[in-house]
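Next comes entry_9.cif, with mmCIF, C-alpha atoms.
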data_structure
loop_
_atom_site.label_atom_id
_atom_site.label_comp_id
_atom_site.auth_asym_id
_atom_site.auth_seq_id
_atom_site.Cartn_x
_atom_site.Cartn_y
_atom_site.Cartn_z
CA MET E 1 -22.98 62.87 8.69
CA ALA E 2 -20.82 62.41 11.79
CA ASP E 3 -23.43 64.13 13.98
CA HIS E 4 -26.06 61.83 12.57
CA ALA E 5 -23.94 58.80 13.48
CA VAL E 6 -23.32 60.09 17.00
CA ALA E 7 -27.05 60.72 17.50
CA HIS E 8 -27.75 57.13 16.49
CA ALA E 9 -25.04 55.86 18.83
CA VAL E 10 -26.70 57.64 21.76
CA HIS E 11 -30.15 56.22 21.09
CA ASP E 12 -29.44 52.75 19.76
CA PRO E 13 -27.04 50.41 21.60
CA ASN E 14 -26.56 48.42 18.38
CA ILE E 15 -24.89 51.34 16.63
CA GLY E 16 -21.13 51.32 17.07
CA ASN E 17 -18.44 54.00 16.73
CA THR E 18 -18.48 53.67 12.97
CA GLY E 19 -22.13 54.73 12.88
CA LEU E 20 -23.03 51.31 11.49
CA ASP E 21 -25.18 48.62 13.07
CA ASN E 22 -22.91 46.12 14.85
CA ARG E 23 -25.20 43.21 13.98
CA LYS E 24 -24.97 44.06 10.30
CA MET E 25 -21.20 44.43 10.45
CA GLY E 26 -20.99 41.10 12.26
CA MET E 27 -23.04 39.42 9.57
CA TRP E 28 -20.86 40.84 6.78
CA ALA E 29 -17.73 39.67 8.65
CA PHE E 30 -19.28 36.20 8.99
CA LEU E 31 -20.18 36.12 5.29
CA GLY E 32 -16.61 37.12 4.43
CA SER E 33 -15.26 34.20 6.45
CA ASP E 34 -17.86 31.88 4.93
CA CYS E 35 -16.59 32.95 1.49
CA MET E 36 -13.18 31.57 2.41
CA PHE E 37 -14.77 28.37 3.75
CA PHE E 38 -16.59 27.73 0.49
CA GLY E 39 -13.53 28.89 -1.46
CA SER E 40 -11.55 26.08 0.17
CA LEU E 41 -14.20 23.49 -0.65
CA ILE E 42 -14.56 24.68 -4.27
CA GLY E 43 -10.75 24.74 -4.66
CA THR E 44 -10.51 21.18 -3.37
CA TYR E 45 -13.25 20.01 -5.73
CA LEU E 46 -11.45 21.58 -8.70
CA ALA E 47 -8.07 20.25 -7.58
CA TYR E 48 -9.41 16.69 -7.55
CA LYS E 49 -11.58 17.10 -10.64
CA GLY E 50 -10.95 14.32 -13.17
CA LYS E 51 -8.68 12.43 -10.77
CA SER E 52 -11.17 9.79 -9.62
CA ILE E 53 -9.92 6.29 -10.44
CA SER E 54 -13.41 4.79 -10.32
CA GLY E 55 -16.86 5.89 -11.45
CA PRO E 56 -19.50 7.09 -11.60
CA LEU E 57 -18.24 10.31 -13.15
CA PRO E 58 -19.98 13.72 -12.93
CA HIS E 59 -21.47 13.67 -16.45
CA GLN E 60 -22.95 10.22 -15.77
CA VAL E 61 -24.91 11.30 -12.71
CA PHE E 62 -25.71 15.02 -12.98
CA ASP E 63 -29.30 15.93 -13.81
CA ILE E 64 -28.82 19.40 -15.33
CA PRO E 65 -32.57 20.18 -15.83
CA LEU E 66 -33.29 19.40 -12.14
CA THR E 67 -30.30 21.43 -10.95
CA SER E 68 -31.24 24.33 -13.23
CA TYR E 69 -34.71 24.26 -11.70
CA SER E 70 -33.14 24.36 -8.22
CA ALA E 71 -30.92 27.28 -9.27
CA ALA E 72 -33.98 29.15 -10.56
CA LEU E 73 -35.76 28.46 -7.26
CA LEU E 74 -32.97 30.01 -5.22
CA LEU E 75 -32.71 33.03 -7.52
CA ALA E 76 -36.47 33.57 -7.29
CA SER E 77 -36.30 33.24 -3.51
CA SER E 78 -33.75 36.07 -3.45
CA LEU E 79 -36.34 38.28 -5.15
CA THR E 80 -39.07 37.35 -2.65
CA MET E 81 -36.61 38.05 0.18
CA VAL E 82 -35.98 41.63 -0.98
CA LEU E 83 -39.72 42.10 -1.54
CA ALA E 84 -40.27 41.07 2.10
CA LEU E 85 -37.70 43.62 3.19
CA ALA E 86 -39.26 46.34 1.03
CA ALA E 87 -42.71 45.57 2.49
CA LEU E 88 -41.38 45.70 6.06
CA GLN E 89 -39.71 49.02 5.32
CA ARG E 90 -43.20 50.34 4.51
CA ASN E 91 -44.49 48.74 7.73
CA ARG E 92 -46.67 46.28 5.78
CA VAL E 93 -45.94 43.45 8.20
CA LYS E 94 -48.46 40.92 6.85
CA VAL E 95 -47.17 41.33 3.29
CA ALA E 96 -43.61 40.99 4.55
CA ALA E 97 -44.50 37.82 6.48
CA ARG E 98 -46.12 36.38 3.33
CA TRP E 99 -42.99 37.05 1.24
CA LEU E 100 -40.80 35.60 3.98
CA PHE E 101 -42.94 32.46 4.03
CA VAL E 102 -42.74 32.12 0.22
CA THR E 103 -38.95 32.51 0.48
CA ALA E 104 -38.78 29.77 3.12
CA LEU E 105 -41.02 27.56 1.00
CA MET E 106 -38.75 27.90 -2.04
CA GLY E 107 -35.72 27.22 0.14
CA ALA E 108 -37.37 24.09 1.51
CA HIS E 109 -38.18 22.99 -2.05
CA PHE E 110 -34.50 23.47 -2.97
CA VAL E 111 -33.45 21.28 -0.02
CA LEU E 112 -35.96 18.58 -1.02
CA ASN E 113 -34.56 18.61 -4.56
CA GLN E 114 -31.10 18.13 -3.10
CA VAL E 115 -32.27 15.27 -0.89
CA TYR E 116 -33.79 13.65 -3.98
CA GLU E 117 -30.54 14.20 -5.93
CA PHE E 118 -28.37 12.75 -3.15
CA THR E 119 -30.69 9.77 -2.71
CA THR E 120 -30.58 9.04 -6.45
CA PHE E 121 -26.78 9.26 -6.47
CA VAL E 122 -26.45 6.86 -3.54
CA LEU E 123 -29.18 4.33 -4.31
CA HIS E 124 -29.28 4.41 -8.11
CA ASP E 125 -25.77 5.44 -9.18
CA GLY E 126 -23.76 3.95 -6.32
CA LEU E 127 -22.00 7.24 -5.59
CA THR E 128 -21.31 7.82 -1.90
CA LEU E 129 -19.01 9.97 0.21
CA SER E 130 -16.35 7.24 0.13
CA THR E 131 -16.75 5.94 -3.44
CA SER E 132 -14.24 8.25 -5.10
CA LEU E 133 -12.57 11.66 -4.94
CA PHE E 134 -15.52 13.03 -6.91
CA GLY E 135 -17.99 11.59 -4.38
CA SER E 136 -16.09 13.00 -1.37
CA THR E 137 -15.56 16.50 -2.73
CA PHE E 138 -19.03 16.75 -4.29
CA PHE E 139 -21.01 15.61 -1.25
CA VAL E 140 -18.99 17.71 1.21
CA LEU E 141 -19.30 20.89 -0.87
CA THR E 142 -22.96 20.62 -1.84
CA GLY E 143 -23.87 19.08 1.53
CA PHE E 144 -22.47 22.06 3.41
CA HIS E 145 -24.37 24.38 1.08
CA GLY E 146 -27.57 22.41 1.69
CA ALA E 147 -26.98 22.72 5.45
CA HIS E 148 -26.66 26.48 5.02
CA VAL E 149 -29.96 26.59 3.10
CA THR E 150 -31.66 24.48 5.79
CA GLY E 151 -30.41 26.88 8.48
CA GLY E 152 -31.72 29.80 6.42
CA VAL E 153 -35.15 28.19 6.05
CA ILE E 154 -35.39 27.71 9.83
CA TRP E 155 -34.33 31.33 10.39
CA LEU E 156 -36.96 32.61 7.94
CA LEU E 157 -39.70 30.50 9.54
CA ILE E 158 -38.77 31.92 12.96
CA LEU E 159 -39.18 35.44 11.51
CA VAL E 160 -42.56 34.44 10.03
CA GLY E 161 -43.59 33.11 13.44
CA LEU E 162 -42.56 36.38 15.11
CA ALA E 163 -44.52 38.38 12.54
CA MET E 164 -47.61 36.21 13.08
CA ARG E 165 -47.41 36.82 16.83
CA GLY E 166 -47.10 40.55 16.31
CA GLN E 167 -43.49 40.61 17.49
CA LEU E 168 -42.02 41.88 14.24
CA ASP E 169 -42.55 45.32 12.76
CA ALA E 170 -40.74 48.02 10.84
CA ARG E 171 -38.50 48.73 13.83
CA ASP E 172 -37.07 45.22 13.35
CA TYR E 173 -35.94 46.04 9.83
CA THR E 174 -32.29 45.24 10.59
CA LYS E 175 -33.19 41.79 11.96
CA VAL E 176 -34.85 40.90 8.66
CA GLU E 177 -32.13 42.59 6.62
CA ILE E 178 -29.47 40.45 8.33
CA ALA E 179 -31.47 37.29 7.62
CA GLY E 180 -31.75 38.52 4.02
CA LEU E 181 -27.98 39.01 3.75
CA TYR E 182 -27.48 35.40 4.85
CA TRP E 183 -30.11 34.18 2.42
CA HIS E 184 -28.61 36.03 -0.55
CA PHE E 185 -25.18 34.73 0.38
CA VAL E 186 -26.51 31.18 0.16
CA ASP E 187 -27.82 32.14 -3.28
CA ILE E 188 -24.48 33.52 -4.55
CA VAL E 189 -22.66 30.41 -3.31
CA TRP E 190 -25.08 28.34 -5.36
CA ILE E 191 -24.47 30.58 -8.39
CA ALA E 192 -20.78 29.62 -8.12
CA ILE E 193 -21.44 25.93 -7.41
CA PHE E 194 -23.97 25.62 -10.23
CA THR E 195 -21.50 26.95 -12.80
CA ILE E 196 -18.26 25.44 -11.51
CA ILE E 197 -19.53 22.02 -10.46
CA TYR E 198 -22.51 21.32 -12.70
CA LEU E 199 -22.08 23.31 -15.91
CA ILE E 200 -18.35 23.39 -16.63
CA PRO E 201 -17.54 20.06 -18.29
CA MET A 1 -47.14 47.99 16.06
CA ALA A 2 -44.64 50.60 15.05
CA ASP A 3 -45.64 54.04 13.89
CA PRO A 4 -44.34 55.28 10.54
CA HIS A 5 -42.11 57.81 12.29
CA ALA A 6 -40.38 55.05 14.23
CA ALA A 7 -40.11 53.03 11.05
CA ALA A 8 -38.41 55.90 9.31
CA GLN A 9 -36.00 56.28 12.22
CA HIS A 10 -35.00 52.64 11.93
CA ALA A 11 -34.70 52.61 8.16
CA PRO A 12 -31.35 51.41 6.79
CA GLU A 13 -28.34 53.71 6.64
CA GLY A 14 -28.01 53.75 2.87
CA GLU A 15 -30.45 54.28 0.06
CA HIS A 16 -31.82 51.00 -1.35
CA ALA A 17 -33.07 50.05 -4.77
CA SER A 18 -36.75 50.27 -5.71
CA VAL A 19 -39.04 47.26 -6.11
CA LYS A 20 -38.96 47.84 -9.87
CA THR A 21 -35.16 47.57 -9.83
CA TYR A 22 -35.38 44.33 -7.82
CA VAL A 23 -37.76 42.83 -10.39
CA ASN A 24 -35.53 43.94 -13.28
CA VAL A 25 -32.49 42.38 -11.61
CA ALA A 26 -34.43 39.14 -11.07
CA ILE A 27 -35.41 39.07 -14.75
CA ALA A 28 -31.78 39.63 -15.75
CA LEU A 29 -30.70 36.80 -13.43
CA ALA A 30 -33.27 34.44 -14.96
CA LEU A 31 -32.19 35.33 -18.50
CA ILE A 32 -28.49 34.85 -17.73
CA THR A 33 -29.21 31.48 -16.09
CA ALA A 34 -31.15 30.38 -19.18
CA MET A 35 -28.22 31.53 -21.36
CA GLU A 36 -25.78 29.57 -19.19
CA VAL A 37 -27.72 26.34 -19.61
CA ALA A 38 -28.28 27.00 -23.33
CA THR A 39 -24.52 27.50 -23.84
CA LEU A 40 -23.99 23.88 -22.80
CA TYR A 41 -26.03 22.70 -25.79
CA ILE A 42 -24.23 24.74 -28.49
CA PRO A 43 -22.78 22.07 -30.79
CA GLY A 44 -19.01 22.16 -31.29
CA ILE A 45 -18.32 25.08 -28.97
CA PRO A 46 -14.61 25.14 -28.02
CA ASN A 47 -14.00 24.15 -24.39
CA ALA A 48 -12.06 27.33 -23.59
CA LEU A 49 -14.88 29.52 -24.93
CA LEU A 50 -17.51 27.49 -23.08
CA VAL A 51 -15.67 27.66 -19.75
CA SER A 52 -14.79 31.35 -20.00
CA SER A 53 -18.30 32.40 -21.07
CA LEU A 54 -19.86 30.36 -18.23
CA LEU A 55 -17.50 31.97 -15.71
CA VAL A 56 -18.25 35.48 -17.00
CA MET A 57 -22.02 34.92 -16.85
CA SER A 58 -21.71 33.45 -13.36
CA ALA A 59 -19.65 36.46 -12.21
CA ILE A 60 -22.27 38.87 -13.58
CA LYS A 61 -25.02 37.03 -11.65
CA PHE A 62 -22.87 37.03 -8.52
CA PHE A 63 -22.29 40.78 -8.58
CA LEU A 64 -25.92 41.56 -9.47
CA VAL A 65 -27.10 39.73 -6.34
CA VAL A 66 -24.38 41.21 -4.12
CA GLY A 67 -24.79 44.74 -5.49
CA PHE A 68 -28.57 45.03 -5.62
CA PHE A 69 -30.18 42.34 -3.45
CA MET A 70 -27.55 42.56 -0.71
CA HIS A 71 -27.47 46.35 -1.14
CA LEU A 72 -23.66 46.42 -1.12
CA ARG A 73 -23.78 48.93 -3.97
CA TYR A 74 -25.53 51.38 -1.64
CA ASP A 75 -23.88 50.42 1.65
CA HIS A 76 -20.99 51.84 3.62
CA PRO A 77 -17.43 51.22 2.27
CA ILE A 78 -16.53 49.41 5.51
CA LEU A 79 -19.17 46.76 4.79
CA ARG A 80 -17.92 46.51 1.21
CA ALA A 81 -14.36 45.97 2.45
CA LEU A 82 -15.54 43.36 4.98
CA PHE A 83 -16.92 41.25 2.14
CA VAL A 84 -14.72 42.01 -0.87
CA GLY A 85 -11.45 41.48 1.07
CA PRO A 86 -12.24 37.88 2.11
CA LEU A 87 -13.81 37.25 -1.32
CA ILE A 88 -10.46 38.08 -2.96
CA ILE A 89 -8.71 35.79 -0.48
CA ALA A 90 -11.23 33.02 -1.29
CA ILE A 91 -10.48 33.38 -5.02
CA LEU A 92 -6.75 33.26 -4.27
CA ILE A 93 -7.29 30.10 -2.17
CA ILE A 94 -9.06 28.44 -5.12
CA LEU A 95 -6.27 29.43 -7.54
CA ALA A 96 -3.54 28.38 -5.09
CA VAL A 97 -5.07 24.95 -4.45
CA MET A 98 -5.56 24.43 -8.18
CA ALA A 99 -1.96 25.46 -8.85
CA LEU A 100 -0.77 23.02 -6.19
CA PHE A 101 -2.53 20.18 -7.98
CA SER A 102 -1.92 21.44 -11.57
CA ALA A 103 -5.65 21.49 -12.03
CA PHE A 104 -6.32 24.54 -14.19
CA VAL A 105 -9.26 23.91 -16.46
CA LEU A 106 -8.22 26.24 -19.26
CA LEU A 107 -4.52 25.46 -19.38
CA PRO A 108 -3.17 22.21 -20.84
CA ARG A 109 -0.90 20.15 -18.62
CA VAL A 110 2.74 20.06 -19.65
CA VAL A 111 4.41 16.70 -19.08
CA LEU A 112 8.20 16.84 -19.32
#

So that I can check it, write out the structure of this file as structure tokens.
Amino acid sequence: MADHAVAHAVHDPNIGNTGLDNRKMGMWAFLGSDCMFFGSLIGTYLAYKGKSISGPLPHQVFDIPLTSYSAALLLASSLTMVLALAALQRNRVKVAARWLFVTALMGAHFVLNQVYEFTTFVLHDGLTLSTSLFGSTFFVLTGFHGAHVTGGVIWLLILVGLAMRGQLDARDYTKVEIAGLYWHFVDIVWIAIFTIIYLIP
Amino acid sequence: MADPHAAAQHAPEGEHASVKTYVNVAIALALITAMEVATLYIPGIPNALLVSSLLVMSAIKFFLVVGFFMHLRYDHPILRALFVGPLIIAILIILAVMALFSAFVLLPRVVL
């Protein structure tokens, strides 16, 4: 096991003393710190929950069917992401690129749903960032998540572009795996937000 | 284009789940999500039961994605520690902030 790690360290500059890929370790460390970031935002939302002195209130504006659809989209995109990774592992680059593109498409659809939701809140319900404690905490939390998804979509499209130009193959497995880790993280954050913000009354 | 030998050399450190497992996990995730939404529409369900069941279902989904899709179940313990450690801190942050503001959902507020 140790010999195997040392052999990797000699041949691949990305493999550190632990025998693990530094890029992958860096991504996990980043995701750990991002957990604490979202933990702070979720904690603040819960701390201020029910303390708004003016409306609209959450149950008056939330569209649960639309949000459930968005949640299903992100969950499905996590499946297509691992399918892309599995295809790349078998060196089926075109199939991997297709799954990556489908993943990006579902992510973009999620973002569009969120834009629609935010627009409805602002224009129809009169809920803005400065309307109430609910407005501030809700928009900051879900807005930061939406920004994460947008970043993920751009990252996936860059990978698709690289694959189309023949600059991505099975040797780049770790590059795609790291993008996948980020993408699944965005999914698990939404799992928490969906339950804590939208479903719990 | 890479040859299969090179691909094998650059395969991940740990063993990963099969495509069939991924599909099964995705089906489980879809079913749990449907159950979560359906729970909302159960007439007369006590608030404490509703909240706790939603949190349990959400936690199951969370760990399914982390364990199988993010491969943490198969990965090195260092990577597990890098994620689980901060995750515990994040949960403590949420609880601490809620305690500061007396905002626990399940516990009634006591006014003296």

Which residue of A:Met70, A:Ile27, A:Val97, A:Val84 approaches E:Ala179 most closely, using only C-alpha atoms
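Of the candidates, the smallest distance to E:Ala179 is held by A:Met70.
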
Take the PyMOL selection byres ((chain E and resi 143-149) around 10), run it mentally on this structure, and tell me the resulting residues as a PyMOL selection string.
chain E and resi 37-38+41+74+104+107-108+110-112+114-115+118+137-142+150-155+182-183+185-187+189-190+193

Select all residues from chain E having any atom no more than 8 Å from an atom of chain A (counting only C-alpha atoms, ignoring ligands), output as a VMD selection string.
chain E and resid 20 25 28 to 29 31 to 33 35 to 40 42 to 44 46 to 49 68 72 75 to 76 78 to 79 82 to 83 86 89 to 91 166 169 to 174 180 to 181 184 to 185 188 191 to 192 195 to 196 199 to 201

For the structure shown, which residues end up in the PyMOL selection byres ((chain E and resi 160) around 8)? Put them as number ranges by chain, please?
E: 97-98, 100-101, 156-159, 161-164

One decimal, Å: what's the distance from atom CA of A:Gly44 over to atom CA of E:Ser70, could you say?
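Between atom CA of A:Gly44 and atom CA of E:Ser70 the gap is 27.1 Å.
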
Atom CA of E:Arg23 and atom CA of E:Lys94, how far apart in Å?
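Rounded to one decimal, the two atoms are 24.4 Å apart.
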